[in-house]
Amino acid sequence: MADIYAYITHTGGVAGDSSLEMVNTAKKIDAGAAVTAIVTGSGADVDKVADEAAASYAKVLKFNTDALAYPNAEVVRKLLINVLPKNAIILIPHDTFGMDLSPGLSIKLDSAFVADVVGIEEVDGTSMKVIRQEYSGMVSTHVTVDISNGAVVNVRPGAFIPDESKSVGGTVEDKSGDAGDLSVNRTFLELVEAEVGDVDITKEDVLVSVGRGIEDEDNLEIADDLAKAMGAVVSCSRPIVDAKWLEKSRQVGTSGQTVKPKVYLACGISGSFQHMGGIKGAPFIVAINKNVKAPIFQVAEVGIEADILDFLPELTEAIEGL
Amino acid sequence: MEILVCVKRVPDTAENEIEVNGDGSDIERDDLVYSVNEWDNYAVEEAIQICEKVGGSVTVVTVGDDESEEVLRREMAMGADNGLLLCDEAFEGIDGKQTATLLKAAVAKGKYDLILTGAQADGGAGQVGGMLAAMLDVPYASLVNTIDVDGDKLKVGREIEGGNQEMNDISMPCVLSIQTGINEPRYVGIRGIRKVASVEIPELSASDLGVDLGDAKVKRQDYFVPEIGEGAEMLEGSSEEIIAKLIELLKVKGGLK
Ligand SMILES: Cc1cc2nc3c(=O)[nH]c(=O)nc-3n(C[C@H](O)[C@H](O)[C@H](O)COP(=O)(O)OP(=O)(O)OC[C@H]3O[C@@H](n4cnc5c(N)ncnc54)[C@H](O)[C@@H]3O)c2cc1C
């Protein structure tokens with residue numbers, strides 16, 4: 001079995017949630033593996049994160065240099081090409097950084113790439129069988145990956161249970177001197193924070209959230225009316241913002257806001273993982289969708305098979321009549 | 001600027017309920033409505049807008065079958081200047097790396113300053129752009145939601161978690177994957193499609209491209225629908241009954257103020 005590595009993302013001196021989740025991903029690949037974590041960055045944060053990772057990984061390779069101050073995927077890819085052995089299996093979170101980093105890394109390492117893995121089924125010799133999803137999560141697939149030359153495995157955040165035991169007591173090795181040439185043709189300039197909107201959906205207890213099922217900008221009115229009747233606020237999925245029907249600050253999801261309401265009414269939203277990734281605190285989710293097979297029904301508490309264009313106005317009227 | 005945009009014909013999930021077929025070997029393909037991958041459409045619009053500003057031409061390319069020609073024509077009706085269809089029976093069941101290998105061969109037949117792909121397509125992998133960049137040894141940026149041309153460089157914004165934006169300078173030639181929302185793709189009417197209906201679209205086979213694809217390293221074995229948790233309790237009955245039940249639940253859970 002090839003050596004398994006995990007790339008640890010971090011912000012503000014704290015490892016991302018995927019750090020502990022990938023411990024379990026690695027165990028599913030090889031229960032007895034001594035997994036090596038890779039931590040890159042610059043300054044005291046890196047030391048902190050490396051020490052934190054050592055509680056869960058047998059070995060931590062630490063790369064602390066100015067060139068790695070911001071996780072520019074082009075630079076990190078170059079580093080990994082310089083330091084990873086051929087045929088390594090490397091686990092990377094499937095977030096906006098991992099999506100940037102990994103496909104090209106697999107080409108340079110001449111290994112297999114598999115994106116957005118939600119489960120590991122089995123490893124049989126040089127064949128690894130994983131579970132993925134397609135069509136925004138409407139169907140799942142078993143995929144075999146030829147790992148004879150190693151593999152870059154992008155792991156969906158939240159798909160594996162975090163290993164909280166933190167009892168490995170691994171060693172940290174400072175490998176900064178081995179980083180090699182890190183010059184690239186893409187330069188990080190700055191981070192621009194998302195604009196603040198007229199309402200702060202992250203502070204609301206009750207959200208009426210609309211998705212592509214609302215079909216037309218004019219129909220947003222029926223969601224507004226319902227929200228008013230309920231004393232709630234309207235939020236939405238990404239396509240509504242892409243269409244410029246609502247402000248970006250109303251978008252729930254990994255590339256939008258993280259909300260923690262008590263009640264979440266998902267109206268005409270299919271339930272993609274990027275959308276659900278923005279809903280925390282286990283709210284009471286009611287899904288209203290005309291397709292009984294929509295993935296949102298797997299995660300909602302209560303489901304209603306209905307056309308929202310008919311159902312929402314009826315619900316509004318009933319609530320107004322209370 | 002010479003821009004190549006890689007596009008794909010996919011089942012339109014906004015129009016279809018995607019279901020697994022009887023033996024799990026495929027999705028149910030009968031009556032599926034296909035369209036151009038949503039992300040790719042934004043990429044084509046962006047390419048057209050760049051050329052409107054700085055001059056140049058846009059070529060759309062797809063790896064597909066005969067039917068894929070329709071998405072090339074649609075994007076040409078939008079304003080792309082040229083189409084290119086990579087089509088061969090040998091392309092069936094290929095993985096992302098093999099797709100990128102074919103595109104690399106197509107890139108070698110032209111001279112492009114900028115190559116765009118959608119951030120992801122129906123498979124949700126988001127892999128072809130990054131692989132292609134690595135094969136071409138040019139820089140890559142994914143999930144791009146702003147592009148400003150600055151001489152032989154581009155200033156690009158990448159959309160990251162929380163809707164924050166990461167600004168980068170990137171030298172050309174380069175590959176960018178485009179995130180939805182970067183622009184407002186123009187409407188394509190029947191008239192526009194008719195205008196390009198008879199434009200010749202060159203077709204290249206595996207041998208025309210001179211590539212040896214080898215074996216796919218990543219292979220889909222089946223489709224299935226997983227049993228996740230208990231699933232939602234579905235409210236049944238007339239709509240009055242459903243609404244009455246829902247209101248009771250909302251009251252209990254603090255959903256009504
Ligand atoms: C990097 C990245 C980040 C992303 N970030 C986010 C994010 O932050 N937030 C986000 O939401 N998405 C995000 N996405 C997009 C995500 O993958 C999905 O495309 C998106 O969530 C789909 O939105 P939707 O559910 O509204 O639309 P769809 O998936 O099209 O679903 C529409 C649903 O409405 C139902 N419907 C249609 N008409 C009706 C009707 N009349 N009545 C009832 N039901 C109806 C349909 O059955 C379907 O289930 C991201 C994608 C990427 C690649």
# chains A, B, ... in the order shown; residues from 1 in each chain; ligands from 1

call {"tool": "interface_residues", "arguments": {"of": "chain B", "to": "chain A", "cutoff": "6 Å", "atoms": "only C-alpha atoms", "output": "number ranges by chain"}}
result
B: 122-125, 127, 130-131, 134, 139, 142, 160-171, 181, 217-225, 231-235, 255-257

call {"tool": "write_last_selection", "arguments": {"atoms": "N, CA, C and O atoms", "output": "short mmCIF file (atom, residue, chain, number, x, y, z; two decimals), in the first residue's frame"}}
result
data_model
loop_
_atom_site.label_atom_id
_atom_site.label_comp_id
_atom_site.auth_asym_id
_atom_site.auth_seq_id
_atom_site.Cartn_x
_atom_site.Cartn_y
_atom_site.Cartn_z
N ASP B 122 -21.73 18.15 -15.37
CA ASP B 122 -22.71 17.25 -14.76
C ASP B 122 -22.10 16.26 -13.77
O ASP B 122 -22.74 15.85 -12.81
N GLY B 123 -20.85 15.88 -13.99
CA GLY B 123 -20.20 14.94 -13.08
C GLY B 123 -19.73 15.59 -11.78
O GLY B 123 -19.35 14.90 -10.84
N GLY B 124 -19.73 16.91 -11.75
CA GLY B 124 -19.37 17.62 -10.51
C GLY B 124 -17.91 17.51 -10.11
O GLY B 124 -17.56 17.78 -8.97
N ALA B 125 -17.03 17.10 -11.04
CA ALA B 125 -15.63 16.91 -10.66
C ALA B 125 -14.82 18.21 -10.76
O ALA B 125 -13.95 18.47 -9.95
N GLN B 127 -12.59 19.08 -13.07
CA GLN B 127 -11.21 18.64 -13.21
C GLN B 127 -10.54 18.98 -14.54
O GLN B 127 -9.32 19.09 -14.59
N GLY B 130 -8.12 22.32 -14.88
CA GLY B 130 -6.86 22.22 -14.13
C GLY B 130 -5.91 21.21 -14.73
O GLY B 130 -4.68 21.42 -14.76
N MET B 131 -6.47 20.11 -15.22
CA MET B 131 -5.62 19.09 -15.85
C MET B 131 -5.02 19.62 -17.15
O MET B 131 -3.84 19.43 -17.44
N ALA B 134 -2.16 21.98 -16.52
CA ALA B 134 -0.94 21.27 -16.13
C ALA B 134 -0.29 20.59 -17.33
O ALA B 134 0.93 20.58 -17.47
N PRO B 139 -0.29 28.56 -16.31
CA PRO B 139 -0.96 28.75 -15.02
C PRO B 139 -2.48 28.55 -15.12
O PRO B 139 -3.05 28.64 -16.21
N SER B 142 -9.11 28.64 -10.87
CA SER B 142 -10.45 28.07 -10.92
C SER B 142 -11.47 29.01 -10.31
O SER B 142 -11.12 29.95 -9.58
N ILE B 160 -14.21 32.41 -3.49
CA ILE B 160 -13.86 31.39 -2.50
C ILE B 160 -14.97 31.30 -1.45
O ILE B 160 -16.02 31.91 -1.61
N GLU B 161 -14.74 30.57 -0.38
CA GLU B 161 -15.76 30.34 0.63
C GLU B 161 -16.34 31.66 1.14
O GLU B 161 -15.62 32.66 1.27
N GLY B 162 -17.61 31.63 1.45
CA GLY B 162 -18.27 32.79 2.03
C GLY B 162 -18.55 33.89 1.01
O GLY B 162 -18.96 34.99 1.38
N GLY B 163 -18.29 33.61 -0.28
CA GLY B 163 -18.52 34.63 -1.30
C GLY B 163 -17.41 35.66 -1.33
O GLY B 163 -17.51 36.68 -2.02
N ASN B 164 -16.35 35.43 -0.56
CA ASN B 164 -15.19 36.33 -0.63
C ASN B 164 -14.47 36.08 -1.95
O ASN B 164 -14.67 35.06 -2.59
N GLN B 165 -13.62 37.05 -2.29
CA GLN B 165 -12.99 36.96 -3.59
C GLN B 165 -11.48 37.09 -3.44
O GLN B 165 -10.99 37.94 -2.70
N GLU B 166 -10.79 36.19 -4.14
CA GLU B 166 -9.33 36.18 -4.08
C GLU B 166 -8.80 36.76 -5.39
O GLU B 166 -9.06 36.21 -6.46
N MET B 167 -8.11 37.89 -5.32
CA MET B 167 -7.63 38.55 -6.54
C MET B 167 -6.22 38.06 -6.88
O MET B 167 -5.37 37.91 -5.99
N ASN B 168 -6.01 37.80 -8.17
CA ASN B 168 -4.72 37.29 -8.65
C ASN B 168 -4.33 37.97 -9.95
O ASN B 168 -5.18 38.30 -10.76
N ASP B 169 -3.03 38.12 -10.14
CA ASP B 169 -2.49 38.40 -11.47
C ASP B 169 -2.10 37.07 -12.07
O ASP B 169 -1.50 36.23 -11.38
N ILE B 170 -2.42 36.88 -13.33
CA ILE B 170 -2.04 35.62 -13.97
C ILE B 170 -1.54 35.93 -15.37
O ILE B 170 -2.11 36.77 -16.07
N SER B 171 -0.44 35.30 -15.75
CA SER B 171 0.13 35.60 -17.06
C SER B 171 -0.54 34.73 -18.12
O SER B 171 -1.06 33.66 -17.83
N GLY B 181 -22.53 33.30 -12.53
CA GLY B 181 -22.76 34.63 -11.97
C GLY B 181 -21.74 35.66 -12.40
O GLY B 181 -21.89 36.84 -12.09
N LYS B 217 -8.09 5.71 -15.95
CA LYS B 217 -7.71 5.32 -14.59
C LYS B 217 -8.90 5.38 -13.65
O LYS B 217 -8.89 4.78 -12.59
N VAL B 218 -9.86 6.18 -14.03
CA VAL B 218 -11.02 6.40 -13.17
C VAL B 218 -12.25 5.95 -13.95
O VAL B 218 -12.54 6.47 -15.02
N LYS B 219 -12.97 4.95 -13.40
CA LYS B 219 -14.10 4.40 -14.15
C LYS B 219 -15.35 4.33 -13.29
O LYS B 219 -15.33 3.78 -12.20
N ARG B 220 -16.43 4.87 -13.81
CA ARG B 220 -17.71 4.75 -13.13
C ARG B 220 -18.24 3.34 -13.30
O ARG B 220 -18.26 2.81 -14.40
N GLN B 221 -18.62 2.71 -12.19
CA GLN B 221 -19.11 1.33 -12.26
C GLN B 221 -20.62 1.26 -12.38
O GLN B 221 -21.15 0.35 -13.02
N ASP B 222 -21.31 2.15 -11.72
CA ASP B 222 -22.77 2.09 -11.73
C ASP B 222 -23.36 3.40 -11.23
O ASP B 222 -22.62 4.30 -10.82
N TYR B 223 -24.66 3.49 -11.31
CA TYR B 223 -25.40 4.59 -10.68
C TYR B 223 -26.31 3.98 -9.63
O TYR B 223 -26.83 2.87 -9.81
N PHE B 224 -26.51 4.67 -8.53
CA PHE B 224 -27.48 4.19 -7.54
C PHE B 224 -28.01 5.38 -6.73
O PHE B 224 -27.45 6.48 -6.78
N VAL B 225 -29.08 5.10 -6.02
CA VAL B 225 -29.63 6.12 -5.13
C VAL B 225 -29.43 5.63 -3.71
O VAL B 225 -29.96 4.59 -3.33
N GLY B 231 -34.69 10.19 6.07
CA GLY B 231 -35.40 10.98 5.08
C GLY B 231 -36.50 11.78 5.73
O GLY B 231 -36.82 11.61 6.91
N ALA B 232 -37.09 12.67 4.95
CA ALA B 232 -38.12 13.55 5.49
C ALA B 232 -39.40 12.79 5.75
O ALA B 232 -39.73 11.82 5.05
N GLU B 233 -40.15 13.23 6.76
CA GLU B 233 -41.51 12.75 6.94
C GLU B 233 -42.37 13.52 5.94
O GLU B 233 -42.47 14.74 6.02
N MET B 234 -42.94 12.80 4.96
CA MET B 234 -43.71 13.49 3.93
C MET B 234 -45.12 13.77 4.44
O MET B 234 -45.80 12.87 4.93
N LEU B 235 -45.54 15.00 4.35
CA LEU B 235 -46.90 15.35 4.76
C LEU B 235 -47.84 14.99 3.62
O LEU B 235 -47.62 15.39 2.48
N GLY B 255 -41.47 28.60 14.19
CA GLY B 255 -41.40 29.13 12.83
C GLY B 255 -42.43 30.21 12.54
O GLY B 255 -42.46 30.76 11.46
N LEU B 256 -43.30 30.48 13.51
CA LEU B 256 -44.29 31.55 13.31
C LEU B 256 -44.15 32.57 14.42
O LEU B 256 -44.03 32.22 15.58
N LYS B 257 -44.15 33.83 14.03
CA LYS B 257 -43.99 34.86 15.05
C LYS B 257 -45.29 35.61 15.24
O LYS B 257 -46.05 35.76 14.31
#

call {"tool": "residues_around", "arguments": {"residues": "Val7 (chain B)", "least_positions_apart": "2", "cutoff": "10 Å", "atoms": "only C-alpha atoms", "output": "short mmCIF file (atom, residue, chain, number, x, y, z; two decimals) with all heavy atoms, in the first residue's frame"}}
result
data_model
loop_
_atom_site.label_atom_id
_atom_site.label_comp_id
_atom_site.auth_asym_id
_atom_site.auth_seq_id
_atom_site.Cartn_x
_atom_site.Cartn_y
_atom_site.Cartn_z
N LEU B 4 -10.19 30.09 -26.51
CA LEU B 4 -10.84 28.79 -26.70
C LEU B 4 -11.71 28.51 -25.49
O LEU B 4 -11.24 28.64 -24.35
CB LEU B 4 -9.77 27.69 -26.84
CG LEU B 4 -10.31 26.27 -27.07
CD1 LEU B 4 -10.90 26.13 -28.47
CD2 LEU B 4 -9.21 25.22 -26.87
N VAL B 5 -12.95 28.14 -25.71
CA VAL B 5 -13.83 27.80 -24.59
C VAL B 5 -14.27 26.34 -24.73
O VAL B 5 -14.79 25.94 -25.78
CB VAL B 5 -15.08 28.70 -24.53
CG1 VAL B 5 -15.82 28.46 -23.22
CG2 VAL B 5 -14.70 30.17 -24.67
N ARG B 9 -22.16 19.16 -23.60
CA ARG B 9 -23.61 18.96 -23.66
C ARG B 9 -24.01 18.04 -22.51
O ARG B 9 -23.46 16.95 -22.38
CB ARG B 9 -23.97 18.31 -25.00
CG ARG B 9 -25.43 17.97 -25.20
CD ARG B 9 -25.60 17.40 -26.60
NE ARG B 9 -26.99 17.07 -26.90
CZ ARG B 9 -27.49 15.83 -26.75
NH1 ARG B 9 -26.75 14.85 -26.31
NH2 ARG B 9 -28.76 15.61 -27.06
N VAL B 10 -24.93 18.50 -21.70
CA VAL B 10 -25.32 17.73 -20.49
C VAL B 10 -26.83 17.69 -20.33
O VAL B 10 -27.53 18.58 -20.83
CB VAL B 10 -24.72 18.36 -19.21
CG1 VAL B 10 -23.20 18.40 -19.26
CG2 VAL B 10 -25.27 19.77 -19.00
N VAL B 36 -26.50 23.11 -22.92
CA VAL B 36 -25.08 23.33 -22.66
C VAL B 36 -24.90 23.45 -21.15
O VAL B 36 -25.76 24.01 -20.45
CB VAL B 36 -24.58 24.59 -23.40
CG1 VAL B 36 -25.24 25.86 -22.88
CG2 VAL B 36 -23.06 24.71 -23.30
N ASN B 37 -23.84 22.87 -20.62
CA ASN B 37 -23.55 22.96 -19.19
C ASN B 37 -23.61 24.42 -18.73
O ASN B 37 -23.00 25.30 -19.35
CB ASN B 37 -22.14 22.37 -18.96
CG ASN B 37 -21.66 22.54 -17.54
OD1 ASN B 37 -22.43 22.38 -16.58
ND2 ASN B 37 -20.39 22.85 -17.38
N GLU B 38 -24.34 24.65 -17.65
CA GLU B 38 -24.61 26.01 -17.17
C GLU B 38 -23.32 26.84 -17.02
O GLU B 38 -23.24 27.99 -17.47
CB GLU B 38 -25.32 25.88 -15.82
CG GLU B 38 -25.81 27.18 -15.25
CD GLU B 38 -26.43 26.99 -13.86
OE1 GLU B 38 -26.52 25.85 -13.37
OE2 GLU B 38 -26.83 28.02 -13.28
N TRP B 39 -22.30 26.25 -16.42
CA TRP B 39 -21.05 26.98 -16.17
C TRP B 39 -20.38 27.38 -17.49
O TRP B 39 -19.82 28.45 -17.62
CB TRP B 39 -20.09 26.11 -15.33
CG TRP B 39 -20.41 26.10 -13.87
CD1 TRP B 39 -19.88 26.92 -12.93
CD2 TRP B 39 -21.32 25.23 -13.18
NE1 TRP B 39 -20.41 26.62 -11.69
CE2 TRP B 39 -21.28 25.60 -11.81
CE3 TRP B 39 -22.17 24.19 -13.57
CZ2 TRP B 39 -22.05 24.95 -10.83
CZ3 TRP B 39 -22.93 23.55 -12.60
CH2 TRP B 39 -22.87 23.93 -11.25
N ASP B 40 -20.47 26.47 -18.49
CA ASP B 40 -19.82 26.74 -19.78
C ASP B 40 -20.46 27.92 -20.48
O ASP B 40 -19.78 28.68 -21.19
CB ASP B 40 -19.94 25.52 -20.71
CG ASP B 40 -19.34 24.27 -20.10
OD1 ASP B 40 -18.59 24.40 -19.11
OD2 ASP B 40 -19.63 23.17 -20.58
N ASN B 41 -21.76 28.07 -20.29
CA ASN B 41 -22.47 29.16 -20.95
C ASN B 41 -21.96 30.51 -20.45
O ASN B 41 -21.81 31.46 -21.22
CB ASN B 41 -23.97 28.99 -20.69
CG ASN B 41 -24.81 29.69 -21.71
OD1 ASN B 41 -24.52 29.63 -22.91
ND2 ASN B 41 -25.85 30.37 -21.26
N ALA B 43 -18.96 30.92 -19.38
CA ALA B 43 -17.59 31.03 -19.91
C ALA B 43 -17.62 31.59 -21.33
O ALA B 43 -16.80 32.45 -21.69
CB ALA B 43 -16.90 29.67 -19.88
N VAL B 44 -18.55 31.10 -22.14
CA VAL B 44 -18.65 31.59 -23.52
C VAL B 44 -19.02 33.07 -23.51
O VAL B 44 -18.43 33.88 -24.24
CB VAL B 44 -19.67 30.76 -24.32
CG1 VAL B 44 -19.90 31.38 -25.70
CG2 VAL B 44 -19.20 29.32 -24.47
N VAL B 60 -15.33 27.67 -29.79
CA VAL B 60 -15.89 26.74 -28.81
C VAL B 60 -15.56 25.33 -29.24
O VAL B 60 -15.69 24.97 -30.40
CB VAL B 60 -17.41 26.90 -28.62
CG1 VAL B 60 -17.71 28.13 -27.77
CG2 VAL B 60 -18.15 26.98 -29.94
N VAL B 61 -15.13 24.51 -28.29
CA VAL B 61 -14.75 23.14 -28.60
C VAL B 61 -15.46 22.20 -27.64
O VAL B 61 -15.72 22.56 -26.49
CB VAL B 61 -13.21 22.96 -28.48
CG1 VAL B 61 -12.71 23.24 -27.08
CG2 VAL B 61 -12.78 21.54 -28.91
N THR B 62 -15.83 21.03 -28.13
CA THR B 62 -16.41 20.04 -27.23
C THR B 62 -15.91 18.65 -27.59
O THR B 62 -15.61 18.37 -28.75
CB THR B 62 -17.95 20.08 -27.25
OG1 THR B 62 -18.45 19.27 -26.17
CG2 THR B 62 -18.53 19.56 -28.55
N VAL B 63 -15.77 17.83 -26.57
CA VAL B 63 -15.50 16.41 -26.77
C VAL B 63 -16.84 15.73 -26.63
O VAL B 63 -17.46 15.82 -25.56
CB VAL B 63 -14.53 15.87 -25.70
CG1 VAL B 63 -14.32 14.36 -25.90
CG2 VAL B 63 -13.21 16.61 -25.75
N GLY B 64 -17.31 15.10 -27.67
CA GLY B 64 -18.65 14.51 -27.55
C GLY B 64 -19.00 13.62 -28.71
O GLY B 64 -18.13 13.06 -29.35
N SER B 68 -23.55 16.46 -29.93
CA SER B 68 -22.93 17.58 -29.23
C SER B 68 -22.79 18.81 -30.11
O SER B 68 -22.57 19.91 -29.62
CB SER B 68 -21.54 17.17 -28.73
OG SER B 68 -21.65 16.05 -27.91
N VAL B 71 -24.82 21.97 -29.18
CA VAL B 71 -24.41 22.97 -28.19
C VAL B 71 -23.36 23.91 -28.77
O VAL B 71 -23.31 25.09 -28.44
CB VAL B 71 -23.91 22.37 -26.85
CG1 VAL B 71 -24.99 21.54 -26.20
CG2 VAL B 71 -22.63 21.61 -26.98
N LEU B 72 -22.53 23.40 -29.68
CA LEU B 72 -21.57 24.29 -30.35
C LEU B 72 -22.33 25.35 -31.15
O LEU B 72 -22.01 26.53 -31.09
CB LEU B 72 -20.65 23.49 -31.28
CG LEU B 72 -19.69 22.51 -30.61
CD1 LEU B 72 -18.88 21.76 -31.67
CD2 LEU B 72 -18.75 23.25 -29.65
N GLU B 75 -23.81 27.99 -28.92
CA GLU B 75 -22.83 28.97 -28.43
C GLU B 75 -22.34 29.86 -29.57
O GLU B 75 -21.96 31.01 -29.35
CB GLU B 75 -21.66 28.26 -27.74
CG GLU B 75 -22.07 27.40 -26.53
CD GLU B 75 -22.94 28.13 -25.53
OE1 GLU B 75 -22.40 28.97 -24.79
OE2 GLU B 75 -24.16 27.86 -25.46
N LEU B 116 -10.80 28.89 -21.61
CA LEU B 116 -11.79 28.90 -20.53
C LEU B 116 -12.54 27.57 -20.51
O LEU B 116 -12.77 26.95 -21.55
CB LEU B 116 -12.81 30.03 -20.74
CG LEU B 116 -12.28 31.46 -20.87
CD1 LEU B 116 -13.45 32.43 -21.04
CD2 LEU B 116 -11.45 31.84 -19.65
N THR B 117 -12.90 27.14 -19.30
CA THR B 117 -13.82 26.01 -19.14
C THR B 117 -14.86 26.45 -18.11
O THR B 117 -14.68 27.46 -17.44
CB THR B 117 -13.11 24.76 -18.58
OG1 THR B 117 -12.77 25.01 -17.19
CG2 THR B 117 -11.85 24.41 -19.34
N GLY B 118 -15.92 25.68 -17.97
CA GLY B 118 -16.83 25.89 -16.85
C GLY B 118 -16.17 25.36 -15.59
O GLY B 118 -15.28 24.50 -15.66
N ALA B 121 -19.05 20.41 -14.51
CA ALA B 121 -20.18 20.03 -15.36
C ALA B 121 -21.04 19.01 -14.62
O ALA B 121 -21.05 18.98 -13.39
CB ALA B 121 -19.68 19.51 -16.70
#

call {"tool": "closest_atom_pairs", "arguments": {"of": "chain B", "to": "ligand 1", "cutoff": "7 Å", "atoms": "only C-alpha atoms and all ligand atoms", "output": "JSON lines"}}
result
{"residue": "B:Thr13", "atom": "CA", "partner": "ligand 1", "partner_atom_place_in_ligand_line": "30 (O)", "distance": 6.0}
{"residue": "B:Ala14", "atom": "CA", "partner": "ligand 1", "partner_atom_place_in_ligand_line": "30 (O)", "distance": 4.4}
{"residue": "B:Ala119", "atom": "CA", "partner": "ligand 1", "partner_atom_place_in_ligand_line": "53 (C)", "distance": 6.3}
{"residue": "B:Gln120", "atom": "CA", "partner": "ligand 1", "partner_atom_place_in_ligand_line": "53 (C)", "distance": 6.3}
{"residue": "B:Leu143", "atom": "CA", "partner": "ligand 1", "partner_atom_place_in_ligand_line": "1 (C)", "distance": 6.6}

call {"tool": "residues_around", "arguments": {"residues": "Lys27 (chain A)", "least_positions_apart": "6", "cutoff": "10 Å", "atoms": "only C-alpha atoms", "output": "list of chain:residue names"}}
result
A:Ile4, A:Ala33, A:Ala34, A:Val35, A:Ile120

call {"tool": "write_last_selection", "arguments": {"atoms": "all heavy atoms", "output": "mmCIF file, in the first residue's frame"}}
result
data_model
loop_
_atom_site.group_PDB
_atom_site.id
_atom_site.type_symbol
_atom_site.label_atom_id
_atom_site.label_comp_id
_atom_site.auth_asym_id
_atom_site.auth_seq_id
_atom_site.Cartn_x
_atom_site.Cartn_y
_atom_site.Cartn_z
ATOM 1 N N ILE A 4 0.057 7.299 2.617
ATOM 2 C CA ILE A 4 -1.079 8.223 2.540
ATOM 3 C C ILE A 4 -0.702 9.558 3.184
ATOM 4 O O ILE A 4 -0.127 9.592 4.275
ATOM 5 C CB ILE A 4 -2.324 7.641 3.244
ATOM 6 C CG1 ILE A 4 -2.683 6.275 2.644
ATOM 7 C CG2 ILE A 4 -3.505 8.602 3.121
ATOM 8 C CD1 ILE A 4 -3.873 5.599 3.311
ATOM 9 N N ALA A 33 -2.816 2.420 8.420
ATOM 10 C CA ALA A 33 -1.827 3.335 7.850
ATOM 11 C C ALA A 33 -1.331 4.367 8.871
ATOM 12 O O ALA A 33 -2.093 4.843 9.700
ATOM 13 C CB ALA A 33 -2.427 4.067 6.648
ATOM 14 N N ALA A 34 -0.032 4.672 8.787
ATOM 15 C CA ALA A 34 0.513 5.814 9.526
ATOM 16 C C ALA A 34 0.476 6.984 8.541
ATOM 17 O O ALA A 34 1.256 7.040 7.602
ATOM 18 C CB ALA A 34 1.938 5.526 9.966
ATOM 19 N N VAL A 35 -0.464 7.887 8.758
ATOM 20 C CA VAL A 35 -0.732 8.924 7.765
ATOM 21 C C VAL A 35 0.111 10.161 8.049
ATOM 22 O O VAL A 35 0.316 10.546 9.198
ATOM 23 C CB VAL A 35 -2.231 9.284 7.760
ATOM 24 C CG1 VAL A 35 -2.541 10.297 6.667
ATOM 25 C CG2 VAL A 35 -3.067 8.029 7.563
ATOM 26 N N ILE A 120 -15.559 5.867 0.870
ATOM 27 C CA ILE A 120 -14.571 4.906 0.352
ATOM 28 C C ILE A 120 -15.181 3.537 0.575
ATOM 29 O O ILE A 120 -15.497 3.173 1.711
ATOM 30 C CB ILE A 120 -13.233 4.986 1.116
ATOM 31 C CG1 ILE A 120 -12.695 6.422 1.155
ATOM 32 C CG2 ILE A 120 -12.224 3.977 0.556
ATOM 33 C CD1 ILE A 120 -11.899 6.880 -0.020
#

call {"tool": "residues_around", "arguments": {"residues": "Ala223 (chain A)", "least_positions_apart": "2", "cutoff": "8 Å", "atoms": "only C-alpha atoms", "output": "list in words"}}
result
Val208, Ser209, Val210, Asn219, Leu220, Glu221, Asp225, Leu226, Ala227, Val234 and Leu312 of chain A

call {"tool": "write_last_selection", "arguments": {"atoms": "C-alpha atoms", "output": "PDB file, in the first residue's frame"}}
result
ATOM      1  CA  VAL A 208     -38.011  31.218   3.749  1.00  0.00           C
ATOM      2  CA  SER A 209     -35.429  30.133   1.229  1.00  0.00           C
ATOM      3  CA  VAL A 210     -36.153  30.020  -2.493  1.00  0.00           C
ATOM      4  CA  ASN A 219     -42.616  35.093  -8.426  1.00  0.00           C
ATOM      5  CA  LEU A 220     -40.307  36.189  -5.622  1.00  0.00           C
ATOM      6  CA  GLU A 221     -43.300  38.147  -4.380  1.00  0.00           C
ATOM      7  CA  ASP A 225     -45.530  37.502   1.222  1.00  0.00           C
ATOM      8  CA  LEU A 226     -45.023  34.222   3.056  1.00  0.00           C
ATOM      9  CA  ALA A 227     -41.983  35.560   4.891  1.00  0.00           C
ATOM     10  CA  VAL A 234     -36.191  35.527   2.490  1.00  0.00           C
ATOM     11  CA  LEU A 312     -46.754  29.092  -0.940  1.00  0.00           C
TER      12      LEU A 312
END

call {"tool": "atom_distance", "arguments": {"atom1": "CA of Asp216 (chain A)", "atom2": "CA of Ser272 (chain A)"}}
result
20.4 Å

call {"tool": "select_by_dssp", "arguments": {"residues": "region 59-207 of chain B", "states": "helix (DSSP H, G or I)", "output": "PyMOL selection string"}}
result
chain B and resi 66-78+89-91+96-108+128-136+161-163+190-195+206-207

call {"tool": "atom_distance", "arguments": {"atom1": "CA of Val75 (chain A)", "atom2": "CA of Ser183 (chain A)"}}
result
7.0 Å

call {"tool": "atom_distance", "arguments": {"atom1": "CA of Lys253 (chain B)", "atom2": "CA of Glu236 (chain B)"}}
result
19.6 Å

call {"tool": "select_by_dssp", "arguments": {"residues": "region 76-112 of chain A", "states": "strand (DSSP E)", "output": "ChimeraX atom specification"}}
result
/A:89-93,112

call {"tool": "residues_around", "arguments": {"residues": "Gly56 (chain B)", "least_positions_apart": "6", "cutoff": "8 Å", "atoms": "only C-alpha atoms", "output": "MDAnalysis selection string"}}
result
chainID B and resid 1:3

call {"tool": "residues_around", "arguments": {"residues": "region 169-173 of chain A", "least_positions_apart": "5", "cutoff": "10 Å", "atoms": "only C-alpha atoms", "output": "count of residues only"}}
result
21

call {"tool": "closest_residue", "arguments": {"among": "B:Arg191, B:Arg29, B:Lys8, B:Lys109", "to": "Met78 (chain B)", "atoms": "only C-alpha atoms"}}
result
B:Arg191
